[in-house]
Amino acid sequence: MAGYTNSSGAGSYDFWLIKTNSSGGMLWNQTYGGAGDDEAYSVVQSNDTGYAVAGYTNSYGAGETDAWLVKTDSSGNAQWSQTYGGRAQDGAYSVIQTSDGGYALAGFTDSYGAGSFDFWLVKTNSSGGMLWNQTYGGTGNDQASSVIQTSDGGYALAGYTSSFGAGSYDFWLVKTDSSGSVMWNQTYGGSGDDEAGCVIQTSDGGYALAGLTNSTGAGGYDFWLVKTDSFGTSQGSQTYGGAYDEVANALVQTSDGGYALGSLTGSYGAGDIDYWLVKTTSSGNMQWSQTYGGSGDDEAYSLVQTSDGGYALAGFTASYGAGSYDAFLVKTDSSGKSVMPQSSPFSIPFAAIVIVLIIVVAIIAVVVIARRRRSRSETSTSQQYPPTSPEVKPT
């Protein structure tokens with residue numbers, strides 16, 4: 001898991017990389033950063049079993065904030081890092097390793113491009129050296145949340161735009177060739193706010209995007225899933241949510257051809273905001289949903305389907321843990337039922353709890369038996385054998 005921390009490290013916020021075992025137990029963690037704010041938003045395992053972590057920094061670089069890419073070995077030790085940006089605000093929200101062994105980062109730039117913020121795609125070699133970069137956008141605010149390398153060697157970027165489309169913000173999908181030149185782009189949305197958090201290429205060669213909408217749906221903001229063909233033409237969409245706000249930040253196509261969307265809900269669950277996992281059919285019809293969390297705010301930002309058919313969600317929690325916010329990892333089975341305890345900040349296995357309870361009960365039993373034996377012994381020593389005969393009242 002990658003994110004940021006102000007519990008440890010060198011600055012106000014530092015990149016934070018956590019490696020766990022298959023049960024969620026921490027194996028190691030590492031921080032990266034300087035005296036300023038350094039926030040990581042994406043991680044990918046590289047083909048040498050190390051990791052590449054991307055976000056933004058104002059500890060290093062040329063401007064107010066720069067995109068920052070940190071490459072580590074398999075134990076999280078930094079091997080190299082690179083910044084990308086100009087004099088203004090620039091950052092990365094998504095990183096992938098490309099087929100040539102380099103990396104592609106997507107996010108936002110205010111240093112380059114046409115508007116206040118533009119989509120920004122940076123392509124590097126395997127050492128993080130920039131090969132090229134491209135901006136996409138208009139006079140408004142356009143920010144990319146997700147990038148994938150497509151089956152033809154090009155790229156697809158998704159996020160939101162206020163430069164184009166029907167509403168204040170619309171989903172925006174930009175398809176490029178392998179050099180980052182635009183092949184086509186499409187917007188999706190209504191008169192309200194529609195912001196895409198992620199994009200995937202589907203098994204039929206099309207695309208699926210997930211994010212939030214208040215142009216349609218049941219509540220303030222709802223999960224919104226949009227399916228397109230290979231040219232970005234919409235093939236349909238679905239919303240999921242209740243009376244309050246739901247935000248989808250993560251999407252996967254599942255092994256059965258359906259979809260799983262993950263992030264947060266304010267309409268359901270135990271607290272103000274809970275993790276929310278929605279499973280759909282290939283047509284987007286909801287099959288089930290599950291919430292995870294406690295009485296505080298619990299927000300998921302990443303989702304994967306695991307090799308056992310279940311799911312893992314990562315984000316932060318204010319319901320459990322040691323600080324105001326802690327990193328929070330939830331593992332589920334294929335039906336979304338949590339297989340890791342979430343009501344305890346220490347993630348104690350259920351079997352261990354049972355063993356502890358048995359030991360406590362055994363200790364209590366021993367103490368009770370010992371007290372009863374001592375009480376009998378004291379009673380025995382105070383009695384006279386044979387007991388004295390009672391006095392007989394004179395008649």
# chains A, B, ... in the order shown; residues from 1 in each chain; ligands from 1
call {"tool": "residues_around", "arguments": {"residues": "A:Trp172", "least_positions_apart": "4", "cutoff": "8 Å", "atoms": "only C-alpha atoms", "output": "short mmCIF file (atom, residue, chain, number, x, y, z; two decimals) with N, CA and C atoms, in the first residue's frame"}}
result
data_model
loop_
_atom_site.label_atom_id
_atom_site.label_comp_id
_atom_site.auth_asym_id
_atom_site.auth_seq_id
_atom_site.Cartn_x
_atom_site.Cartn_y
_atom_site.Cartn_z
N ALA A 158 -8.26 8.92 -17.70
CA ALA A 158 -9.59 9.31 -17.27
C ALA A 158 -9.49 10.26 -16.08
N GLY A 159 -10.45 11.16 -16.01
CA GLY A 159 -10.53 12.10 -14.90
C GLY A 159 -11.75 12.97 -15.10
N TYR A 160 -11.57 14.27 -14.89
CA TYR A 160 -12.70 15.17 -15.06
C TYR A 160 -12.27 16.43 -15.79
N THR A 161 -13.26 17.07 -16.44
CA THR A 161 -13.01 18.29 -17.19
C THR A 161 -14.09 19.32 -16.92
N ASN A 185 -11.23 11.57 -27.94
CA ASN A 185 -11.62 11.82 -26.55
C ASN A 185 -13.13 11.91 -26.46
N GLN A 186 -13.66 11.58 -25.27
CA GLN A 186 -15.11 11.59 -25.06
C GLN A 186 -15.41 12.11 -23.66
N THR A 187 -16.51 12.86 -23.55
CA THR A 187 -17.01 13.27 -22.23
C THR A 187 -18.32 12.56 -21.94
N TYR A 188 -18.60 12.40 -20.64
CA TYR A 188 -19.82 11.73 -20.19
C TYR A 188 -20.32 12.50 -18.97
N ALA A 196 -14.60 11.23 -12.91
CA ALA A 196 -14.12 9.85 -13.02
C ALA A 196 -12.88 9.67 -12.14
#
call {"tool": "closest_atom_pairs", "arguments": {"of": "stretch 171-274 of chain A", "to": "stretch 320-343 of chain A", "cutoff": "12 Å", "atoms": "only C-alpha atoms", "output": "tab-separated table"}}
result
residue	atom	partner	partner_atom	distance
A:Thr254	CA	A:Ser334	CA	10.2
A:Ser255	CA	A:Ser334	CA	10.5
A:Asp256	CA	A:Ser334	CA	11.0
A:Ala260	CA	A:Gly336	CA	10.1
A:Leu261	CA	A:Gly336	CA	11.6
A:Gly262	CA	A:Gly336	CA	11.0
A:Ser263	CA	A:Val330	CA	11.8
A:Ala270	CA	A:Ser343	CA	11.1
A:Gly271	CA	A:Tyr320	CA	11.7
A:Asp274	CA	A:Phe328	CA	11.4
call {"tool": "write_last_selection", "arguments": {"atoms": "C-alpha atoms", "output": "PDB file, in the first residue's frame"}}
result
ATOM      1  CA  THR A 254     -13.928  -9.353 -12.117  1.00  0.00           C
ATOM      2  CA  SER A 255     -13.109 -12.885 -13.198  1.00  0.00           C
ATOM      3  CA  ASP A 256     -16.790 -13.556 -14.023  1.00  0.00           C
ATOM      4  CA  ALA A 260     -16.407  -4.387  -8.594  1.00  0.00           C
ATOM      5  CA  LEU A 261     -16.444  -0.747  -7.521  1.00  0.00           C
ATOM      6  CA  GLY A 262     -14.951   0.427  -4.267  1.00  0.00           C
ATOM      7  CA  SER A 263     -14.612   3.511  -2.152  1.00  0.00           C
ATOM      8  CA  ALA A 270     -21.880   1.854  10.771  1.00  0.00           C
ATOM      9  CA  GLY A 271     -20.307   5.305  10.789  1.00  0.00           C
ATOM     10  CA  ASP A 274     -17.657   3.648   5.526  1.00  0.00           C
TER      11      ASP A 274
END
call {"tool": "atom_distance", "arguments": {"atom1": "atom CA of A:Val70", "atom2": "atom CA of A:Val53"}}
result
5.2 Å
call {"tool": "residues_around", "arguments": {"residues": "stretch 290-303 of chain A", "least_positions_apart": "3", "cutoff": "6 Å", "atoms": "only C-alpha atoms", "output": "PyMOL selection string"}}
result
chain A and resi 249-250+263-264+269-277+312-319
call {"tool": "write_last_selection", "arguments": {"atoms": "N, CA and C atoms", "output": "PDB file, in the first residue's frame"}}
result
ATOM      1  N   ASN A 249     -13.757   5.431  -6.245  1.00  0.00           N
ATOM      2  CA  ASN A 249     -12.385   5.749  -6.620  1.00  0.00           C
ATOM      3  C   ASN A 249     -11.668   4.586  -7.288  1.00  0.00           C
ATOM      4  N   ALA A 250     -12.247   3.380  -7.246  1.00  0.00           N
ATOM      5  CA  ALA A 250     -11.542   2.192  -7.720  1.00  0.00           C
ATOM      6  C   ALA A 250     -12.501   1.270  -8.454  1.00  0.00           C
ATOM      7  N   SER A 263     -15.063   2.266  -2.755  1.00  0.00           N
ATOM      8  CA  SER A 263     -14.612   3.511  -2.152  1.00  0.00           C
ATOM      9  C   SER A 263     -15.413   3.782  -0.896  1.00  0.00           C
ATOM     10  N   LEU A 264     -16.303   4.775  -0.899  1.00  0.00           N
ATOM     11  CA  LEU A 264     -16.910   5.210   0.355  1.00  0.00           C
ATOM     12  C   LEU A 264     -18.387   5.513   0.183  1.00  0.00           C
ATOM     13  N   GLY A 269     -23.890   1.648   6.268  1.00  0.00           N
ATOM     14  CA  GLY A 269     -22.783   1.287   7.134  1.00  0.00           C
ATOM     15  C   GLY A 269     -22.945   1.745   8.564  1.00  0.00           C
ATOM     16  N   ALA A 270     -21.854   1.661   9.321  1.00  0.00           N
ATOM     17  CA  ALA A 270     -21.880   1.854  10.771  1.00  0.00           C
ATOM     18  C   ALA A 270     -21.535   3.264  11.202  1.00  0.00           C
ATOM     19  N   GLY A 271     -20.813   4.005  10.365  1.00  0.00           N
ATOM     20  CA  GLY A 271     -20.307   5.305  10.789  1.00  0.00           C
ATOM     21  C   GLY A 271     -20.739   6.423   9.871  1.00  0.00           C
ATOM     22  N   ASP A 272     -20.089   7.584  10.034  1.00  0.00           N
ATOM     23  CA  ASP A 272     -20.377   8.722   9.166  1.00  0.00           C
ATOM     24  C   ASP A 272     -20.086   8.353   7.713  1.00  0.00           C
ATOM     25  N   ILE A 273     -18.893   7.773   7.491  1.00  0.00           N
ATOM     26  CA  ILE A 273     -18.490   7.313   6.164  1.00  0.00           C
ATOM     27  C   ILE A 273     -17.845   5.950   6.320  1.00  0.00           C
ATOM     28  N   ASP A 274     -18.218   4.998   5.487  1.00  0.00           N
ATOM     29  CA  ASP A 274     -17.657   3.648   5.526  1.00  0.00           C
ATOM     30  C   ASP A 274     -17.120   3.259   4.158  1.00  0.00           C
ATOM     31  N   TYR A 275     -16.166   2.304   4.175  1.00  0.00           N
ATOM     32  CA  TYR A 275     -15.793   1.635   2.934  1.00  0.00           C
ATOM     33  C   TYR A 275     -17.066   1.040   2.323  1.00  0.00           C
ATOM     34  N   TRP A 276     -17.136   1.061   0.982  1.00  0.00           N
ATOM     35  CA  TRP A 276     -18.280   0.428   0.305  1.00  0.00           C
ATOM     36  C   TRP A 276     -17.768  -0.318  -0.913  1.00  0.00           C
ATOM     37  N   LEU A 277     -18.156  -1.586  -1.014  1.00  0.00           N
ATOM     38  CA  LEU A 277     -17.791  -2.450  -2.130  1.00  0.00           C
ATOM     39  C   LEU A 277     -19.067  -2.898  -2.823  1.00  0.00           C
ATOM     40  N   ALA A 312      -9.493  -6.976  -1.924  1.00  0.00           N
ATOM     41  CA  ALA A 312      -8.761  -6.228  -0.907  1.00  0.00           C
ATOM     42  C   ALA A 312      -8.963  -4.746  -1.173  1.00  0.00           C
ATOM     43  N   LEU A 313      -9.343  -4.009  -0.127  1.00  0.00           N
ATOM     44  CA  LEU A 313      -9.555  -2.574  -0.218  1.00  0.00           C
ATOM     45  C   LEU A 313      -8.603  -1.874   0.740  1.00  0.00           C
ATOM     46  N   ALA A 314      -8.035  -0.757   0.287  1.00  0.00           N
ATOM     47  CA  ALA A 314      -7.115   0.004   1.120  1.00  0.00           C
ATOM     48  C   ALA A 314      -7.499   1.472   1.119  1.00  0.00           C
ATOM     49  N   GLY A 315      -7.295   2.091   2.277  1.00  0.00           N
ATOM     50  CA  GLY A 315      -7.572   3.510   2.436  1.00  0.00           C
ATOM     51  C   GLY A 315      -7.171   3.945   3.819  1.00  0.00           C
ATOM     52  N   PHE A 316      -8.050   4.709   4.478  1.00  0.00           N
ATOM     53  CA  PHE A 316      -7.731   5.129   5.840  1.00  0.00           C
ATOM     54  C   PHE A 316      -8.953   4.993   6.741  1.00  0.00           C
ATOM     55  N   THR A 317      -8.704   4.962   8.040  1.00  0.00           N
ATOM     56  CA  THR A 317      -9.753   4.818   9.044  1.00  0.00           C
ATOM     57  C   THR A 317      -9.539   5.782  10.193  1.00  0.00           C
ATOM     58  N   ALA A 318     -10.645   6.328  10.671  1.00  0.00           N
ATOM     59  CA  ALA A 318     -10.652   7.076  11.923  1.00  0.00           C
ATOM     60  C   ALA A 318     -11.407   6.298  12.995  1.00  0.00           C
ATOM     61  N   SER A 319     -11.882   5.097  12.645  1.00  0.00           N
ATOM     62  CA  SER A 319     -12.636   4.268  13.595  1.00  0.00           C
ATOM     63  C   SER A 319     -11.726   3.377  14.425  1.00  0.00           C
TER      64      SER A 319
END
call {"tool": "residues_around", "arguments": {"residues": "A:Gly113", "least_positions_apart": "4", "cutoff": "9 Å", "atoms": "only C-alpha atoms", "output": "PyMOL selection string"}}
result
chain A and resi 109+117-120+134-138
call {"tool": "closest_residue", "arguments": {"among": "A:Glu195, A:Asp73, A:Asp170, A:Asp48", "to": "A:Ser145", "atoms": "only C-alpha atoms"}}
result
A:Glu195
call {"tool": "closest_residue", "arguments": {"among": "A:Tyr93, A:Trp184, A:Phe231, A:Tyr103", "to": "A:Tyr51", "atoms": "only C-alpha atoms"}}
result
A:Tyr103
call {"tool": "select_by_dssp", "arguments": {"residues": "stretch 137-379 of chain A", "states": "alpha helix (DSSP H)", "output": "PyMOL selection string"}}
result
chain A and resi 350-379
call {"tool": "write_last_selection", "arguments": {"atoms": "C-alpha atoms", "output": "short mmCIF file (atom, residue, chain, number, x, y, z; two decimals), in the first residue's frame"}}
result
data_model
loop_
_atom_site.label_atom_id
_atom_site.label_comp_id
_atom_site.auth_asym_id
_atom_site.auth_seq_id
_atom_site.Cartn_x
_atom_site.Cartn_y
_atom_site.Cartn_z
CA PHE A 350 -10.44 -15.02 15.81
CA ALA A 351 -8.69 -18.24 16.86
CA ALA A 352 -6.39 -16.25 19.13
CA ILE A 353 -9.39 -14.56 20.73
CA VAL A 354 -10.97 -17.97 21.42
CA ILE A 355 -7.72 -19.26 22.97
CA VAL A 356 -7.45 -16.19 25.21
CA LEU A 357 -11.07 -16.61 26.34
CA ILE A 358 -10.48 -20.28 27.17
CA ILE A 359 -7.39 -19.37 29.20
CA VAL A 360 -9.28 -16.64 31.08
CA VAL A 361 -12.17 -18.99 31.86
CA ALA A 362 -9.71 -21.67 33.06
CA ILE A 363 -7.95 -19.18 35.36
CA ILE A 364 -11.28 -18.02 36.80
CA ALA A 365 -12.30 -21.63 37.39
CA VAL A 366 -9.01 -22.41 39.17
CA VAL A 367 -9.39 -19.34 41.39
CA VAL A 368 -13.00 -20.20 42.30
CA ILE A 369 -12.10 -23.82 43.14
CA ALA A 370 -9.14 -22.69 45.23
CA ARG A 371 -11.28 -20.24 47.19
CA ARG A 372 -13.94 -22.87 47.88
CA ARG A 373 -11.32 -25.33 49.17
CA ARG A 374 -9.79 -22.68 51.46
CA SER A 375 -13.23 -21.76 52.78
CA ARG A 376 -13.99 -25.40 53.60
CA SER A 377 -10.62 -25.80 55.30
CA GLU A 378 -11.20 -22.75 57.52
CA THR A 379 -14.67 -24.00 58.42
#
call {"tool": "residues_around", "arguments": {"residues": "stretch 82-88 of chain A", "least_positions_apart": "2", "cutoff": "6 Å", "atoms": "only C-alpha atoms", "output": "VMD selection string"}}
result
chain A and resid 61 to 64 66 to 69 90 110 to 111
call {"tool": "atom_distance", "arguments": {"atom1": "atom CA of A:Ile200", "atom2": "atom CA of A:Val174"}}
result
12.4 Å
call {"tool": "residues_around", "arguments": {"residues": "A:Ser234", "least_positions_apart": "4", "cutoff": "10 Å", "atoms": "only C-alpha atoms", "output": "ChimeraX atom specification"}}
result
/A:186-188,206-208,226-230
call {"tool": "write_last_selection", "arguments": {"atoms": "C-alpha atoms", "output": "PDB file, in the first residue's frame"}}
result
ATOM      1  CA  GLN A 186     -15.111  11.589 -25.060  1.00  0.00           C
ATOM      2  CA  THR A 187     -17.008  13.271 -22.229  1.00  0.00           C
ATOM      3  CA  TYR A 188     -19.821  11.729 -20.194  1.00  0.00           C
ATOM      4  CA  GLY A 206     -13.812  -1.241 -24.704  1.00  0.00           C
ATOM      5  CA  TYR A 207     -13.466   0.781 -21.532  1.00  0.00           C
ATOM      6  CA  ALA A 208     -15.197   1.153 -18.180  1.00  0.00           C
ATOM      7  CA  VAL A 226     -19.942   4.048 -17.508  1.00  0.00           C
ATOM      8  CA  LYS A 227     -19.246   1.352 -20.139  1.00  0.00           C
ATOM      9  CA  THR A 228     -17.966   2.268 -23.598  1.00  0.00           C
ATOM     10  CA  ASP A 229     -16.932   0.573 -26.819  1.00  0.00           C
ATOM     11  CA  SER A 230     -13.355   0.671 -28.134  1.00  0.00           C
TER      12      SER A 230
END
call {"tool": "closest_residue", "arguments": {"among": "A:Val304, A:Ala243, A:Ala52, A:Ala92", "to": "A:Asp38", "atoms": "only C-alpha atoms"}}
result
A:Ala92
call {"tool": "atom_distance", "arguments": {"atom1": "atom CA of A:Gly266", "atom2": "atom CA of A:Thr281"}}
result
23.6 Å
call {"tool": "select_by_dssp", "arguments": {"residues": "stretch 238-343 of chain A", "states": "strand (DSSP E)", "output": "PyMOL selection string"}}
result
chain A and resi 238-240+246-253+259-265+274-280+286-292+298-305+311-317+326-332
call {"tool": "residues_around", "arguments": {"residues": "A:Tyr32", "least_positions_apart": "2", "cutoff": "8 Å", "atoms": "only C-alpha atoms", "output": "PyMOL selection string"}}
result
chain A and resi 9-10+14-16+30+34+38+78
call {"tool": "write_last_selection", "arguments": {"atoms": "N, CA and C atoms", "output": "short mmCIF file (atom, residue, chain, number, x, y, z; two decimals), in the first residue's frame"}}
result
data_model
loop_
_atom_site.label_atom_id
_atom_site.label_comp_id
_atom_site.auth_asym_id
_atom_site.auth_seq_id
_atom_site.Cartn_x
_atom_site.Cartn_y
_atom_site.Cartn_z
N GLY A 9 8.84 9.89 9.51
CA GLY A 9 9.45 10.47 8.34
C GLY A 9 10.12 11.79 8.62
N ALA A 10 10.46 12.50 7.54
CA ALA A 10 11.31 13.69 7.65
C ALA A 10 10.55 15.00 7.64
N ASP A 14 5.10 12.59 4.44
CA ASP A 14 6.04 11.83 3.63
C ASP A 14 5.33 10.72 2.88
N PHE A 15 5.86 10.37 1.70
CA PHE A 15 5.42 9.13 1.05
C PHE A 15 5.54 8.00 2.07
N TRP A 16 4.59 7.06 2.04
CA TRP A 16 4.62 5.92 2.95
C TRP A 16 4.28 4.67 2.17
N GLN A 30 8.32 1.87 4.80
CA GLN A 30 9.37 2.84 4.50
C GLN A 30 8.73 4.19 4.20
N GLY A 34 11.15 14.89 2.19
CA GLY A 34 11.99 15.92 2.75
C GLY A 34 11.25 16.75 3.77
N ASP A 38 4.95 15.63 1.05
CA ASP A 38 5.18 14.63 0.01
C ASP A 38 4.08 13.59 0.13
N ALA A 78 14.94 2.86 -1.25
CA ALA A 78 14.92 3.72 -2.43
C ALA A 78 16.14 3.47 -3.29
#
